[in-house]
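Accompanying notes for the structure given below.
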Amino acid sequence: MVVEAEMGRSTKTVNDVLKFGEGVVIEFEREAGEPVELLVNGTLIARGEVVEIEGNYGVRITEIMKAL
């Protein structure tokens, strides 16, 4: 099962990606407190918000979708 939480998107060229190394930082437009959607195998199952805990990011679930 694949679980996804999209934190943001960034456009990079293949050349830029090939230059990535350990410790590279890719900036996204989302910050702590902003909404995200949680998907399992491409299906929306919940909504939440970005949280930061001791320097790590996670998702706090705020709404669970009803079963179809």
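Residue numbers start at 1 in each chain; chains themselves are named A, B, ... in the order of the structure tokens; ligands are numbered from 1 in the order shown.
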
List the spatial neighbours of Ile45 (chain A) as a PDB file with N, CA and C atoms, in the first residue's frame - criterion: any atom at most 8 Å away, only C-alpha atoms, same-chain residues fewer than 2 positions off excluded.
ATOM      1  N   GLU A  37      -3.529  16.679   1.861  1.00  0.00           N
ATOM      2  CA  GLU A  37      -4.420  15.555   1.646  1.00  0.00           C
ATOM      3  C   GLU A  37      -3.617  14.270   1.775  1.00  0.00           C
ATOM      4  N   LEU A  38      -4.210  13.260   2.391  1.00  0.00           N
ATOM      5  CA  LEU A  38      -3.579  11.952   2.536  1.00  0.00           C
ATOM      6  C   LEU A  38      -4.239  10.986   1.561  1.00  0.00           C
ATOM      7  N   LEU A  39      -3.417  10.331   0.763  1.00  0.00           N
ATOM      8  CA  LEU A  39      -3.923   9.386  -0.213  1.00  0.00           C
ATOM      9  C   LEU A  39      -3.316   8.014   0.036  1.00  0.00           C
ATOM     10  N   VAL A  40      -4.125   6.973  -0.139  1.00  0.00           N
ATOM     11  CA  VAL A  40      -3.643   5.598  -0.091  1.00  0.00           C
ATOM     12  C   VAL A  40      -3.938   4.990  -1.444  1.00  0.00           C
ATOM     13  N   THR A  43      -6.104   7.120  -3.627  1.00  0.00           N
ATOM     14  CA  THR A  43      -7.457   7.460  -3.190  1.00  0.00           C
ATOM     15  C   THR A  43      -7.389   8.345  -1.947  1.00  0.00           C
ATOM     16  N   ARG A  47      -7.838  14.284   5.308  1.00  0.00           N
ATOM     17  CA  ARG A  47      -7.196  15.595   5.185  1.00  0.00           C
ATOM     18  C   ARG A  47      -6.534  15.889   6.518  1.00  0.00           C
ATOM     19  N   ILE A  64     -11.424  12.533   8.276  1.00  0.00           N
ATOM     20  CA  ILE A  64     -11.340  11.238   7.595  1.00  0.00           C
ATOM     21  C   ILE A  64     -12.523  11.150   6.643  1.00  0.00           C
ATOM     22  N   MET A  65     -12.238  10.795   5.413  1.00  0.00           N
ATOM     23  CA  MET A  65     -13.286  10.729   4.390  1.00  0.00           C
ATOM     24  C   MET A  65     -14.199   9.539   4.668  1.00  0.00           C
ATOM     25  N   LYS A  66     -15.449   9.675   4.301  1.00  0.00           N
ATOM     26  CA  LYS A  66     -16.406   8.578   4.439  1.00  0.00           C
ATOM     27  C   LYS A  66     -16.123   7.533   3.368  1.00  0.00           C
TER      28      LYS A  66
END

From the DSSP assignment of the backbone, select every residue of chain A that is alpha helix (DSSP H), and format the answer as a short mmCIF file (atom, residue, chain, number, x, y, z; two decimals) with C-alpha atoms, in the first residue's frame.
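The resulting result35.cif:
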data_model
loop_
_atom_site.label_atom_id
_atom_site.label_comp_id
_atom_site.auth_asym_id
_atom_site.auth_seq_id
_atom_site.Cartn_x
_atom_site.Cartn_y
_atom_site.Cartn_z
CA VAL A 14 16.98 16.80 -14.92
CA ASN A 15 20.39 18.48 -14.85
CA ASP A 16 19.58 20.05 -11.45
CA VAL A 17 18.39 16.70 -10.05
CA LEU A 18 21.57 14.96 -11.22
#

Please run DSSP on the backbone and report, as a list in words, all residues within region 4-53 of chain A that come out as strand (DSSP E or B).
Glu4, Ala5, Pro35, Val36, Glu37, Leu38, Leu39, Val40, Thr43, Leu44, Ile45, Ala46, Arg47, Gly48, Glu49, Val50, Val51, Glu52 and Ile53 of chain A

Just checking: using only C-alpha atoms, which residue out of A:Val24, A:Thr13, A:Met1, A:Met7 ends up closest to Gly48 (chain A)?
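Once distances to Gly48 (chain A) are computed over only C-alpha atoms, the minimum belongs to A:Met7.
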
Mind checking which residues fall within 6 Å of Glu49 (chain A), counting only C-alpha atoms, ignoring those fewer than 4 positions away in the same chain, and posting them as a ChimeraX atom specification?
/A:33-36,59-60

Coordinates-based distance that separates CA of Gly8 (chain A) from CA of Phe20 (chain A) (Å, one decimal)
18.3 Å

The distance between CA of Thr11 (chain A) and CA of Asn41 (chain A) is 23.4 Å
